[in-house]
file start09.pdb (PDB, C-alpha atoms)
ATOM      1  CA  MET A   1     -11.091  -6.658 -16.402
ATOM      2  CA  ILE A   2      -8.723  -4.090 -14.885
ATOM      3  CA  ILE A   3      -7.387  -2.963 -18.247
ATOM      4  CA  ASP A   4     -10.611  -1.433 -19.560
ATOM      5  CA  ARG A   5     -11.570   0.089 -16.209
ATOM      6  CA  VAL A   6      -8.239   1.813 -15.727
ATOM      7  CA  LYS A   7      -8.104   3.018 -19.330
ATOM      8  CA  SER A   8     -11.533   4.587 -18.889
ATOM      9  CA  PHE A   9     -10.025   7.147 -16.498
ATOM     10  CA  GLY A  10      -7.734   8.550 -19.191
ATOM     11  CA  ILE A  11      -4.511   8.723 -17.213
ATOM     12  CA  ASN A  12      -2.170  11.006 -19.138
ATOM     13  CA  THR A  13       0.653  11.805 -16.729
ATOM     14  CA  GLU A  14       4.233  10.962 -17.658
ATOM     15  CA  TYR A  15       4.617   8.547 -14.737
ATOM     16  CA  ALA A  16       2.425   6.036 -12.918
ATOM     17  CA  ILE A  17       3.505   5.278  -9.365
ATOM     18  CA  ILE A  18       1.881   2.059  -8.205
ATOM     19  CA  LYS A  19       1.570   0.781  -4.640
ATOM     20  CA  PRO A  20       0.590  -2.919  -4.763
ATOM     21  CA  ASN A  21      -0.103  -5.067  -1.691
ATOM     22  CA  TRP A  22       2.886  -7.302  -0.883
ATOM     23  CA  VAL A  23       2.488  -8.356   2.736
ATOM     24  CA  SER A  24       3.708 -11.939   2.455
ATOM     25  CA  ASN A  25       4.003 -14.749  -0.063
ATOM     26  CA  ARG A  26       1.019 -16.611   1.373
ATOM     27  CA  PRO A  27      -1.927 -17.060  -1.028
ATOM     28  CA  GLY A  28      -4.332 -14.136  -0.874
ATOM     29  CA  GLU A  29      -1.849 -11.880   0.922
ATOM     30  CA  PHE A  30      -0.195 -10.314  -2.092
ATOM     31  CA  THR A  31      -1.295  -8.748  -5.359
ATOM     32  CA  GLU A  32      -1.210 -11.597  -7.853
ATOM     33  CA  PRO A  33       1.175 -11.138 -10.799
ATOM     34  CA  GLU A  34      -1.707 -11.449 -13.270
ATOM     35  CA  ILE A  35      -3.470  -8.490 -11.632
ATOM     36  CA  LEU A  36      -0.344  -6.345 -11.649
ATOM     37  CA  ASP A  37       0.312  -7.367 -15.261
ATOM     38  CA  ASP A  38      -3.148  -6.164 -16.305
ATOM     39  CA  LEU A  39      -2.723  -2.840 -14.508
ATOM     40  CA  LEU A  40       0.657  -2.213 -16.111
ATOM     41  CA  THR A  41      -0.756  -3.189 -19.517
ATOM     42  CA  ALA A  42      -3.419  -0.516 -19.048
ATOM     43  CA  LEU A  43      -0.674   2.122 -18.792
ATOM     44  CA  PRO A  44       1.283   1.732 -22.064
ATOM     45  CA  ASP A  45       2.335   5.378 -22.302
ATOM     46  CA  GLN A  46       3.523   5.853 -18.728
ATOM     47  CA  LYS A  47       6.916   5.305 -17.163
ATOM     48  CA  LYS A  48       6.108   2.998 -14.280
ATOM     49  CA  ILE A  49       7.411   2.823 -10.710
ATOM     50  CA  VAL A  50       6.252   0.243  -8.166
ATOM     51  CA  ILE A  51       6.689   1.228  -4.519
ATOM     52  CA  GLU A  52       6.657  -0.988  -1.425
ATOM     53  CA  SER A  53       8.492  -1.427   1.870
ATOM     54  CA  TYR A  54      10.074  -4.405   3.580
ATOM     55  CA  THR A  55       8.139  -6.793   5.801
ATOM     56  CA  PRO A  56       9.381  -9.783   7.822
ATOM     57  CA  TRP A  57       6.703 -12.073   6.379
ATOM     58  CA  ARG A  58       7.995 -12.589   2.832
ATOM     59  CA  GLY A  59       9.418 -16.025   3.456
ATOM     60  CA  PRO A  60       9.661 -18.628   6.255
ATOM     61  CA  ARG A  61       8.841 -17.526   9.788
ATOM     62  CA  ASN A  62      11.741 -15.625  11.355
ATOM     63  CA  SER A  63      11.128 -14.330  14.871
ATOM     64  CA  ALA A  64      14.204 -12.077  14.839
ATOM     65  CA  LEU A  65      12.912 -10.238  11.769
ATOM     66  CA  GLU A  66       9.435  -9.958  13.272
ATOM     67  CA  ARG A  67      10.811  -8.407  16.456
ATOM     68  CA  ALA A  68      12.676  -5.762  14.442
ATOM     69  CA  SER A  69       9.689  -3.474  14.290
ATOM     70  CA  ASN A  70      11.649  -0.231  14.195
ATOM     71  CA  LEU A  71      14.010   1.166  11.588
ATOM     72  CA  THR A  72      17.164   0.963  13.725
ATOM     73  CA  ASP A  73      16.781  -2.716  14.632
ATOM     74  CA  GLY A  74      15.649  -3.563  11.121
ATOM     75  CA  LYS A  75      18.668  -1.955   9.472
ATOM     76  CA  ALA A  76      20.952  -4.400  11.279
ATOM     77  CA  MET A  77      19.235  -7.176   9.289
ATOM     78  CA  ARG A  78      18.973  -5.269   6.036
ATOM     79  CA  ASP A  79      20.663  -7.943   3.954
ATOM     80  CA  GLU A  80      18.145 -10.550   5.135
ATOM     81  CA  TYR A  81      15.201  -8.278   4.279
ATOM     82  CA  LYS A  82      16.643  -7.593   0.846
ATOM     83  CA  GLN A  83      17.255 -11.266   0.104
ATOM     84  CA  ARG A  84      13.713 -12.149   1.140
ATOM     85  CA  ASP A  85      12.305  -9.364  -0.996
ATOM     86  CA  GLU A  86      14.254 -10.526  -4.035
ATOM     87  CA  GLN A  87      13.189 -14.136  -3.481
ATOM     88  CA  PHE A  88       9.572 -13.027  -3.077
ATOM     89  CA  LEU A  89       9.665 -11.426  -6.517
ATOM     90  CA  VAL A  90      11.049 -14.638  -8.003
ATOM     91  CA  ASP A  91       8.751 -17.062  -6.180
ATOM     92  CA  THR A  92       5.552 -15.138  -6.929
ATOM     93  CA  GLY A  93       6.419 -14.356 -10.542
ATOM     94  CA  ILE A  94       6.052 -10.641  -9.852
ATOM     95  CA  GLY A  95       9.683  -9.960 -10.723
ATOM     96  CA  ALA A  96       9.094 -11.255 -14.248
ATOM     97  CA  ILE A  97       6.122  -8.885 -14.600
ATOM     98  CA  LEU A  98       8.235  -5.922 -13.514
ATOM     99  CA  THR A  99      10.868  -6.879 -16.067
ATOM    100  CA  LYS A 100       8.271  -7.369 -18.816
ATOM    101  CA  HIS A 101       6.945  -3.827 -18.364
ATOM    102  CA  GLN A 102      10.346  -2.226 -17.614
ATOM    103  CA  VAL A 103       9.162  -1.137 -14.181
ATOM    104  CA  GLU A 104      11.397   0.634 -11.678
ATOM    105  CA  TYR A 105      11.023  -0.854  -8.176
ATOM    106  CA  LEU A 106      11.546   1.582  -5.328
ATOM    107  CA  ASN A 107      11.654   0.215  -1.786
ATOM    108  CA  VAL A 108      10.689   2.915   0.698
ATOM    109  CA  THR A 109      12.534   1.290   3.600
ATOM    110  CA  ASP A 110      15.755   1.333   1.603
ATOM    111  CA  THR A 111      15.347   5.010   0.734
ATOM    112  CA  VAL A 112      14.984   5.859   4.423
ATOM    113  CA  TRP A 113      18.026   3.795   5.394
ATOM    114  CA  ASP A 114      20.001   5.448   2.584
ATOM    115  CA  GLY A 115      18.974   8.965   3.650
ATOM    116  CA  GLN A 116      17.174   9.655   0.370
ATOM    117  CA  CYS A 117      14.015  11.234   1.757
ATOM    118  CA  VAL A 118      12.639  14.755   1.696
ATOM    119  CA  ASP A 119      13.092  17.088   4.651
ATOM    120  CA  ALA A 120      10.072  16.731   6.932
ATOM    121  CA  THR A 121       9.475  20.490   7.035
ATOM    122  CA  ALA A 122       8.821  20.607   3.296
ATOM    123  CA  ILE A 123       6.241  17.826   3.602
ATOM    124  CA  GLN A 124       4.547  19.498   6.555
ATOM    125  CA  GLN A 125       4.257  22.762   4.641
ATOM    126  CA  ILE A 126       2.665  21.058   1.633
ATOM    127  CA  VAL A 127       0.197  19.173   3.838
ATOM    128  CA  GLU A 128      -0.762  22.353   5.699
ATOM    129  CA  ALA A 129      -1.143  24.278   2.438
ATOM    130  CA  ALA A 130      -3.587  21.587   1.312
ATOM    131  CA  GLY A 131      -5.566  22.002   4.540
ATOM    132  CA  GLY A 132      -4.361  18.772   6.138
ATOM    133  CA  THR A 133      -2.963  17.885   9.550
ATOM    134  CA  ILE A 134      -0.665  15.071  10.638
ATOM    135  CA  HIS A 135      -0.812  13.389  14.049
ATOM    136  CA  ASN A 136       2.289  11.194  13.632
ATOM    137  CA  GLN A 137       4.787  13.873  12.630
ATOM    138  CA  GLU A 138       7.515  11.259  12.140
ATOM    139  CA  LEU A 139       5.745  10.112   8.977
ATOM    140  CA  CYS A 140       6.681  13.375   7.279
ATOM    141  CA  ARG A 141      10.311  12.176   7.279
ATOM    142  CA  PHE A 142       9.610   9.114   5.138
ATOM    143  CA  VAL A 143       8.739  10.473   1.693
ATOM    144  CA  PRO A 144      11.336   9.329  -0.870
ATOM    145  CA  GLN A 145      12.999  12.162  -2.748
ATOM    146  CA  ARG A 146      12.406  10.272  -6.002
ATOM    147  CA  LEU A 147       8.628  10.321  -5.504
ATOM    148  CA  PHE A 148       8.630  13.924  -4.316
ATOM    149  CA  ASP A 149      10.442  15.056  -7.447
ATOM    150  CA  LEU A 150       7.832  13.374  -9.665
ATOM    151  CA  ARG A 151       4.720  14.463  -7.788
ATOM    152  CA  ASP A 152       3.535  16.902 -10.473
ATOM    153  CA  ARG A 153       4.248  14.482 -13.328
ATOM    154  CA  ALA A 154       2.765  11.289 -11.927
ATOM    155  CA  THR A 155      -0.471   9.558 -11.020
ATOM    156  CA  LEU A 156      -0.386   7.687  -7.727
ATOM    157  CA  ILE A 157      -2.234   4.361  -7.988
ATOM    158  CA  SER A 158      -3.106   2.351  -4.901
ATOM    159  CA  LEU A 159      -3.670  -1.262  -5.945
ATOM    160  CA  GLY A 160      -5.186  -2.700  -2.776
ATOM    161  CA  LYS A 161      -6.485  -6.195  -2.090
ATOM    162  CA  ILE A 162      -9.774  -6.705  -0.280
ATOM    163  CA  LYS A 163      -9.181  -8.149   3.186
ATOM    164  CA  VAL A 164     -11.793  -8.306   5.929
ATOM    165  CA  GLU A 165     -11.119  -8.500   9.659
ATOM    166  CA  GLU A 166     -14.373  -7.768  11.433
ATOM    167  CA  GLY A 167     -13.055  -9.409  14.586
ATOM    168  CA  ILE A 168     -10.706  -6.464  15.118
ATOM    169  CA  PRO A 169     -12.893  -3.340  15.531
ATOM    170  CA  THR A 170      -9.984  -0.965  14.882
ATOM    171  CA  ILE A 171      -9.371  -2.518  11.449
ATOM    172  CA  ILE A 172     -12.556  -4.120   9.996
ATOM    173  CA  VAL A 173     -11.209  -3.990   6.421
ATOM    174  CA  SER A 174      -8.049  -3.405   4.433
ATOM    175  CA  MET A 175      -8.634  -1.901   0.991
ATOM    176  CA  SER A 176      -7.220   0.845  -1.219
ATOM    177  CA  VAL A 177      -6.728   3.508   1.471
ATOM    178  CA  LYS A 178      -5.239   1.196   4.086
ATOM    179  CA  ASN A 179      -2.920  -0.107   1.380
ATOM    180  CA  LEU A 180      -0.860   3.075   1.858
ATOM    181  CA  PHE A 181      -0.106   1.939   5.423
ATOM    182  CA  GLY A 182       2.522  -0.217   3.716
ATOM    183  CA  LEU A 183       4.481   2.924   2.830
ATOM    184  CA  ILE A 184       5.483   3.308   6.479
ATOM    185  CA  PRO A 185       9.077   2.050   6.245
ATOM    186  CA  HIS A 186       9.340   0.335   9.653
ATOM    187  CA  PRO A 187       9.612  -3.360   8.747
ATOM    188  CA  SER A 188       6.688  -4.636  10.820
ATOM    189  CA  ARG A 189       5.163  -1.262  11.798
ATOM    190  CA  ARG A 190       3.977  -2.697  15.113
ATOM    191  CA  LYS A 191       5.676   0.071  17.078
ATOM    192  CA  PRO A 192       4.470   2.737  17.194
ATOM    193  CA  TYR A 193       1.815   2.295  14.500
ATOM    194  CA  HIS A 194      -0.264  -0.607  15.813
ATOM    195  CA  GLY A 195      -0.433  -0.107  19.589
ATOM    196  CA  ASN A 196      -2.559  -2.198  21.926
ATOM    197  CA  ASN A 197      -5.324  -3.979  20.006
ATOM    198  CA  HIS A 198      -4.215  -2.096  16.854
ATOM    199  CA  GLU A 199      -5.711   1.098  18.257
ATOM    200  CA  ARG A 200      -3.195   3.360  16.491
ATOM    201  CA  ILE A 201      -3.731   1.981  13.003
ATOM    202  CA  PRO A 202      -6.664   4.211  11.931
ATOM    203  CA  GLN A 203      -4.778   7.438  12.702
ATOM    204  CA  ALA A 204      -1.607   6.170  11.016
ATOM    205  CA  ILE A 205      -3.597   5.272   7.893
ATOM    206  CA  ARG A 206      -5.191   8.697   7.874
ATOM    207  CA  ASP A 207      -1.794  10.389   8.215
ATOM    208  CA  VAL A 208      -0.144   8.469   5.365
ATOM    209  CA  TYR A 209      -3.218   9.035   3.196
ATOM    210  CA  THR A 210      -3.130  12.774   3.990
ATOM    211  CA  ILE A 211       0.562  13.056   3.137
ATOM    212  CA  TYR A 212       0.360  11.300  -0.213
ATOM    213  CA  THR A 213      -2.897  12.881  -1.364
ATOM    214  CA  SER A 214      -1.455  16.292  -0.485
ATOM    215  CA  LEU A 215       1.593  15.548  -2.631
ATOM    216  CA  PHE A 216      -0.103  13.949  -5.637
ATOM    217  CA  GLY A 217      -2.812  15.868  -7.449
ATOM    218  CA  HIS A 218      -3.555  12.830  -9.617
ATOM    219  CA  SER A 219      -4.481   9.524  -8.031
ATOM    220  CA  LEU A 220      -6.443   6.365  -8.772
ATOM    221  CA  TRP A 221      -7.690   3.931  -6.158
ATOM    222  CA  ILE A 222      -8.325   0.225  -6.668
ATOM    223  CA  ALA A 223      -9.810  -2.318  -4.263
ATOM    224  CA  GLU A 224      -9.768  -5.728  -5.863
ATOM    225  CA  GLY A 225     -10.653  -9.310  -5.083
ATOM    226  CA  ILE A 226     -10.572 -10.592  -8.634
ATOM    227  CA  LYS A 227      -8.665 -13.821  -8.089
ATOM    228  CA  SER A 228      -8.877 -13.827  -4.294
ATOM    229  CA  TRP A 229      -9.910 -11.892  -1.213
ATOM    230  CA  ILE A 230      -9.721 -12.780   2.471
ATOM    231  CA  LYS A 231     -12.092 -13.042   5.425
ATOM    232  CA  ASN A 232     -10.760 -13.194   8.997
ATOM    233  CA  TYR A 233      -7.450 -11.948   7.673
ATOM    234  CA  CYS A 234      -5.575 -11.913  11.012
ATOM    235  CA  GLN A 235      -7.191 -15.007  12.515
ATOM    236  CA  PRO A 236      -6.408 -18.741  12.492
ATOM    237  CA  ASP A 237      -9.673 -19.410  10.642
ATOM    238  CA  GLN A 238      -8.658 -17.208   7.703
ATOM    239  CA  GLN A 239     -10.785 -17.866   4.621
ATOM    240  CA  ILE A 240      -9.577 -17.196   1.090
ATOM    241  CA  ILE A 241     -12.471 -16.498  -1.262
ATOM    242  CA  LYS A 242     -11.506 -17.200  -4.865
ATOM    243  CA  ASP A 243     -12.599 -16.074  -8.320
ATOM    244  CA  GLN A 244     -15.349 -13.598  -7.417
ATOM    245  CA  ASN A 245     -14.096 -10.884  -9.792
ATOM    246  CA  LEU A 246     -14.531  -8.064  -7.297
ATOM    247  CA  LEU A 247     -13.158  -4.801  -8.679
ATOM    248  CA  PHE A 248     -13.730  -1.224  -7.529
ATOM    249  CA  VAL A 249     -11.878   1.667  -9.164
ATOM    250  CA  GLY A 250     -12.138   5.425  -8.872
ATOM    251  CA  PRO A 251     -10.456   8.770  -8.172
ATOM    252  CA  SER A 252     -11.502   8.762  -4.487
ATOM    253  CA  GLY A 253     -10.070   6.132  -2.160
ATOM    254  CA  PRO A 254     -12.747   6.503   0.533
ATOM    255  CA  ILE A 255     -15.547   6.152  -2.034
ATOM    256  CA  VAL A 256     -13.891   3.128  -3.649
ATOM    257  CA  ASP A 257     -13.467   1.435  -0.274
ATOM    258  CA  ALA A 258     -17.004   2.269   0.830
ATOM    259  CA  ASP A 259     -18.394   0.758  -2.382
ATOM    260  CA  ALA A 260     -16.297  -2.369  -1.870
ATOM    261  CA  CYS A 261     -17.497  -2.641   1.737
ATOM    262  CA  ARG A 262     -21.138  -2.515   0.728
ATOM    263  CA  ALA A 263     -20.563  -5.176  -1.945
ATOM    264  CA  ILE A 264     -19.363  -7.646   0.699
ATOM    265  CA  ASN A 265     -21.985  -6.638   3.294
ATOM    266  CA  VAL A 266     -19.732  -4.542   5.528
ATOM    267  CA  ASP A 267     -21.097  -1.204   6.721
ATOM    268  CA  PRO A 268     -18.436   1.385   5.726
ATOM    269  CA  LYS A 269     -19.524   3.547   8.664
ATOM    270  CA  ARG A 270     -17.999   0.917  10.947
ATOM    271  CA  VAL A 271     -14.544   1.232   9.364
ATOM    272  CA  PRO A 272     -12.429   3.483  11.618
ATOM    273  CA  TYR A 273     -10.056   4.805   8.959
ATOM    274  CA  LEU A 274     -12.976   5.760   6.709
ATOM    275  CA  ARG A 275     -14.592   7.656   9.583
ATOM    276  CA  LEU A 276     -11.386   9.671  10.063
ATOM    277  CA  ILE A 277     -11.086  10.778   6.436
ATOM    278  CA  ARG A 278     -13.268  13.621   5.319
TER
END
call {"tool": "encode", "arguments": {"input": "start09.pdb", "output": "structure tokens"}}
result
Amino acid sequence: MIIDRVKSFGINTEYAIIKPNWVSNRPGEFTEPEILDDLLTALPDQKKIVIESYTPWRGPRNSALERASNLTDGKAMRDEYKQRDEQFLVDTGIGAILTKHQVEYLNVTDTVWDGQCVDATAIQQIVEAAGGTIHNQELCRFVPQRLFDLRDRATLISLGKIKVEEGIPTIIVSMSVKNLFGLIPHPSRRKPYHGNNHERIPQAIRDVYTIYTSLFGHSLWIAEGIKSWIKNYCQPDQQIIKDQNLLFVGPSGPIVDADACRAINVDPKRVPYLRLIR
């Protein structure tokens, strides 16, 4: 299903840089290995890099990891994050898919902790030259040098899962554009990127989207609920909807997400991050 759709866009860059959705190892909360396998199969001629950041939810509940919302506190538990990440790849079968397709895995949190990011001034200049503005200036410090060096030779692909949270007005949905929120390297991103009642999330999404679309001239956006998608994502009555084969693909993230919203009876005009992106 994904293979033919992605091939139809004729990606011909040397690299494909893919951001999947790996929040936790709970069903419906991560890009299934079969979906990632199909996407990678659709890119036979590209060198492939998968990018993600650490979260405290890839494994059993650990309150100490969840409290480490900032980079300084999180670094003190770096070994635990790394072990959980490695186990996540094993438990989900995703690691085998990365090996099968000879994929390089780049963890954004690690690159920040290792000091392997681009100077913020260079990012700001590129964003401004593209006509963009950034509210959270700190985010300009978090672009990995590896990605920056490949920006003219790569297509950025956001492989987002469809998640719906209409009970939180500042979120409403998580799709291909919000998927880039996961490139903020803070392990839980609660401070300062959620705020009270998640009020800061829309602006943070817009900023990360602005940075990466300013850097990458080639991009492809995917919102999928092929094997599963979620209603009431952040609530106790979470519902996992299976096998509906929902797939939306295109060169514009906001258009892809708006189309996906309409398909599941959500008004895209209600989605705060879509209202912020022009």
call {"tool": "closest_atom_pairs", "arguments": {"input": "start09.pdb", "of": "stretch 148-200 of chain A", "to": "stretch 45-62 of chain A", "cutoff": "8 Å", "atoms": "all atoms listed in the file", "output": "JSON lines"}}
result
{"residue": "A:Gly182", "atom": "CA", "partner": "A:Ser53", "partner_atom": "CA", "distance": 6.4}
{"residue": "A:Leu183", "atom": "CA", "partner": "A:Ser53", "partner_atom": "CA", "distance": 6.0}
{"residue": "A:Ile184", "atom": "CA", "partner": "A:Ser53", "partner_atom": "CA", "distance": 7.3}
{"residue": "A:Pro185", "atom": "CA", "partner": "A:Ser53", "partner_atom": "CA", "distance": 5.6}
{"residue": "A:His186", "atom": "CA", "partner": "A:Tyr54", "partner_atom": "CA", "distance": 7.7}
{"residue": "A:Pro187", "atom": "CA", "partner": "A:Thr55", "partner_atom": "CA", "distance": 4.8}
{"residue": "A:Ser188", "atom": "CA", "partner": "A:Thr55", "partner_atom": "CA", "distance": 5.7}
call {"tool": "write_last_selection", "arguments": {"input": "start09.pdb", "atoms": "C-alpha atoms", "output": "PDB file, keeping the file's coordinate frame"}}
result
ATOM      1  CA  GLY A 182       2.522  -0.217   3.716  1.00  0.00           C
ATOM      2  CA  LEU A 183       4.481   2.924   2.830  1.00  0.00           C
ATOM      3  CA  ILE A 184       5.483   3.308   6.479  1.00  0.00           C
ATOM      4  CA  PRO A 185       9.077   2.050   6.245  1.00  0.00           C
ATOM      5  CA  HIS A 186       9.340   0.335   9.653  1.00  0.00           C
ATOM      6  CA  PRO A 187       9.612  -3.360   8.747  1.00  0.00           C
ATOM      7  CA  SER A 188       6.688  -4.636  10.820  1.00  0.00           C
TER       8      SER A 188
END
call {"tool": "resolve_selection", "arguments": {"input": "start09.pdb", "expression": "the PyMOL selection byres ((chain A and resi 242-250) around 7)", "output": "VMD selection string"}}
result
chain A and resid 220 to 229 240 to 241 251 to 252 256 260
call {"tool": "resolve_selection", "arguments": {"input": "start09.pdb", "expression": "the PyMOL selection byres ((chain A and resi 191) around 10)", "output": "mmCIF file with C-alpha atoms, in the coordinates of the input"}}
result
data_model
loop_
_atom_site.group_PDB
_atom_site.id
_atom_site.type_symbol
_atom_site.label_atom_id
_atom_site.label_comp_id
_atom_site.auth_asym_id
_atom_site.auth_seq_id
_atom_site.Cartn_x
_atom_site.Cartn_y
_atom_site.Cartn_z
ATOM 1 C CA ARG A 67 10.811 -8.407 16.456
ATOM 2 C CA ALA A 68 12.676 -5.762 14.442
ATOM 3 C CA SER A 69 9.689 -3.474 14.290
ATOM 4 C CA ASN A 70 11.649 -0.231 14.195
ATOM 5 C CA HIS A 186 9.340 0.335 9.653
ATOM 6 C CA PRO A 187 9.612 -3.360 8.747
ATOM 7 C CA SER A 188 6.688 -4.636 10.820
ATOM 8 C CA ARG A 189 5.163 -1.262 11.798
ATOM 9 C CA ARG A 190 3.977 -2.697 15.113
ATOM 10 C CA PRO A 192 4.470 2.737 17.194
ATOM 11 C CA TYR A 193 1.815 2.295 14.500
ATOM 12 C CA HIS A 194 -0.264 -0.607 15.813
ATOM 13 C CA GLY A 195 -0.433 -0.107 19.589
ATOM 14 C CA ASN A 196 -2.559 -2.198 21.926
ATOM 15 C CA ARG A 200 -3.195 3.360 16.491
#
call {"tool": "resolve_selection", "arguments": {"input": "start09.pdb", "expression": "the PyMOL selection byres ((chain A and resi 26) around 10)", "output": "VMD selection string"}}
result
chain A and resid 22 to 25 27 to 30 57 to 59 92
call {"tool": "atom_distance", "arguments": {"input": "start09.pdb", "atom1": "atom CA of A:Gln116", "atom2": "atom CA of A:Asp149"}}
result
11.6 Å
call {"tool": "atom_distance", "arguments": {"input": "start09.pdb", "atom1": "atom CA of A:Asp257", "atom2": "atom CA of A:Met175"}}
result
6.0 Å
call {"tool": "axis_aligned_box", "arguments": {"input": "start09.pdb", "around": "stretch 197-212 of chain A", "padding_each_side": "4 Å", "output": "lines of an AutoDock Vina configuration file"}}
result
center_x = -3.1
center_y = 4.5
center_z = 9.9
size_x = 15.2
size_y = 25.0
size_z = 28.2
call {"tool": "atom_distance", "arguments": {"input": "start09.pdb", "atom1": "atom CA of A:Gln102", "atom2": "atom CA of A:Glu34"}}
result
15.8 Å
call {"tool": "closest_residue", "arguments": {"input": "start09.pdb", "among": "A:Glu199, A:Glu80, A:Asp237, A:Asp207", "to": "A:His135", "atoms": "all atoms listed in the file"}}
result
A:Asp207
call {"tool": "residues_around", "arguments": {"input": "start09.pdb", "residues": "A:Cys234", "least_positions_apart": "6", "cutoff": "10 Å", "atoms": "only C-alpha atoms", "output": "MDAnalysis selection string"}}
result
chainID A and resid 163:168
call {"tool": "residues_near_point", "arguments": {"input": "start09.pdb", "point": "(0.0, 4.6, -15.8)", "cutoff": "9 Å", "atoms": "all atoms listed in the file", "output": "ChimeraX atom specification"}}
result
/A:6-7,11-18,39-48,154-157
call {"tool": "write_last_selection", "arguments": {"input": "start09.pdb", "atoms": "C-alpha atoms", "output": "compact mmCIF listing (two decimals), in the frame of the given file"}}
result
# COMPACT_ATOMS: atom_id res chain seq x y z
CA VAL A 6 -8.24 1.81 -15.73
CA LYS A 7 -8.10 3.02 -19.33
CA ILE A 11 -4.51 8.72 -17.21
CA ASN A 12 -2.17 11.01 -19.14
CA THR A 13 0.65 11.80 -16.73
CA GLU A 14 4.23 10.96 -17.66
CA TYR A 15 4.62 8.55 -14.74
CA ALA A 16 2.42 6.04 -12.92
CA ILE A 17 3.50 5.28 -9.36
CA ILE A 18 1.88 2.06 -8.20
CA LEU A 39 -2.72 -2.84 -14.51
CA LEU A 40 0.66 -2.21 -16.11
CA THR A 41 -0.76 -3.19 -19.52
CA ALA A 42 -3.42 -0.52 -19.05
CA LEU A 43 -0.67 2.12 -18.79
CA PRO A 44 1.28 1.73 -22.06
CA ASP A 45 2.34 5.38 -22.30
CA GLN A 46 3.52 5.85 -18.73
CA LYS A 47 6.92 5.30 -17.16
CA LYS A 48 6.11 3.00 -14.28
CA ALA A 154 2.76 11.29 -11.93
CA THR A 155 -0.47 9.56 -11.02
CA LEU A 156 -0.39 7.69 -7.73
CA ILE A 157 -2.23 4.36 -7.99
call {"tool": "closest_residue", "arguments": {"input": "start09.pdb", "among": "A:Leu150, A:Ala263, A:Met77, A:Leu139", "to": "A:Val127", "atoms": "all atoms listed in the file"}}
result
A:Leu139
call {"tool": "closest_residue", "arguments": {"input": "start09.pdb", "among": "A:Phe88, A:Phe181, A:Tyr212, A:Trp113", "to": "A:Cys140", "atoms": "only C-alpha atoms"}}
result
A:Tyr212
call {"tool": "closest_residue", "arguments": {"input": "start09.pdb", "among": "A:Ile134, A:Ile171, A:Leu180, A:Leu36", "to": "A:Arg270", "atoms": "all atoms listed in the file"}}
result
A:Ile171
call {"tool": "residues_around", "arguments": {"input": "start09.pdb", "residues": "A:Gln137", "least_positions_apart": "5", "cutoff": "12 Å", "atoms": "all atoms listed in the file", "output": "list in words"}}
result
Asp119, Ala120, Thr121, Ile123, Gln124, Gln125, Val127, Phe142, Gln203, Ala204, Asp207, Val208, Thr210 and Ile211 of chain A
call {"tool": "residues_around", "arguments": {"input": "start09.pdb", "residues": "A:Asp37", "least_positions_apart": "5", "cutoff": "10 Å", "atoms": "all atoms listed in the file", "output": "list of chain:residue names"}}
result
A:Ile2, A:Ile3, A:Glu32, A:Ala42, A:Ile94, A:Ala96, A:Ile97, A:Leu98, A:Lys100, A:His101
call {"tool": "decode", "arguments": {"input": "start09.pdb", "residues": "stretch 65-75 of chain A", "atoms": "N, CA and C atoms", "output": "PDB file, in the first residue's frame"}}
result
ATOM      1  N   LEU A  65      12.668   8.520  35.127  1.00  0.00           N
ATOM      2  CA  LEU A  65      12.877   8.894  33.729  1.00  0.00           C
ATOM      3  C   LEU A  65      11.832   9.910  33.283  1.00  0.00           C
ATOM      4  N   GLU A  66      10.604   9.741  33.710  1.00  0.00           N
ATOM      5  CA  GLU A  66       9.537  10.649  33.293  1.00  0.00           C
ATOM      6  C   GLU A  66       9.742  12.050  33.860  1.00  0.00           C
ATOM      7  N   ARG A  67      10.340  12.133  35.044  1.00  0.00           N
ATOM      8  CA  ARG A  67      10.579  13.459  35.628  1.00  0.00           C
ATOM      9  C   ARG A  67      11.741  14.174  34.942  1.00  0.00           C
ATOM     10  N   ALA A  68      12.597  13.444  34.275  1.00  0.00           N
ATOM     11  CA  ALA A  68      13.769  14.035  33.623  1.00  0.00           C
ATOM     12  C   ALA A  68      13.365  14.657  32.293  1.00  0.00           C
ATOM     13  N   SER A  69      12.618  15.740  32.387  1.00  0.00           N
ATOM     14  CA  SER A  69      12.063  16.330  31.174  1.00  0.00           C
ATOM     15  C   SER A  69      13.063  17.201  30.433  1.00  0.00           C
ATOM     16  N   ASN A  70      14.139  17.612  31.109  1.00  0.00           N
ATOM     17  CA  ASN A  70      15.098  18.471  30.421  1.00  0.00           C
ATOM     18  C   ASN A  70      16.366  17.698  30.072  1.00  0.00           C
ATOM     19  N   LEU A  71      17.198  18.302  29.255  1.00  0.00           N
ATOM     20  CA  LEU A  71      18.384  17.619  28.747  1.00  0.00           C
ATOM     21  C   LEU A  71      19.421  17.348  29.828  1.00  0.00           C
ATOM     22  N   THR A  72      19.564  18.267  30.786  1.00  0.00           N
ATOM     23  CA  THR A  72      20.567  18.094  31.839  1.00  0.00           C
ATOM     24  C   THR A  72      20.215  16.922  32.742  1.00  0.00           C
ATOM     25  N   ASP A  73      18.981  16.879  33.231  1.00  0.00           N
ATOM     26  CA  ASP A  73      18.556  15.776  34.093  1.00  0.00           C
ATOM     27  C   ASP A  73      18.565  14.451  33.329  1.00  0.00           C
ATOM     28  N   GLY A  74      18.141  14.502  32.077  1.00  0.00           N
ATOM     29  CA  GLY A  74      18.088  13.287  31.279  1.00  0.00           C
ATOM     30  C   GLY A  74      19.456  12.689  31.029  1.00  0.00           C
ATOM     31  N   LYS A  75      20.461  13.533  30.835  1.00  0.00           N
ATOM     32  CA  LYS A  75      21.802  13.032  30.529  1.00  0.00           C
ATOM     33  C   LYS A  75      22.353  12.182  31.663  1.00  0.00           C
TER      34      LYS A  75
END
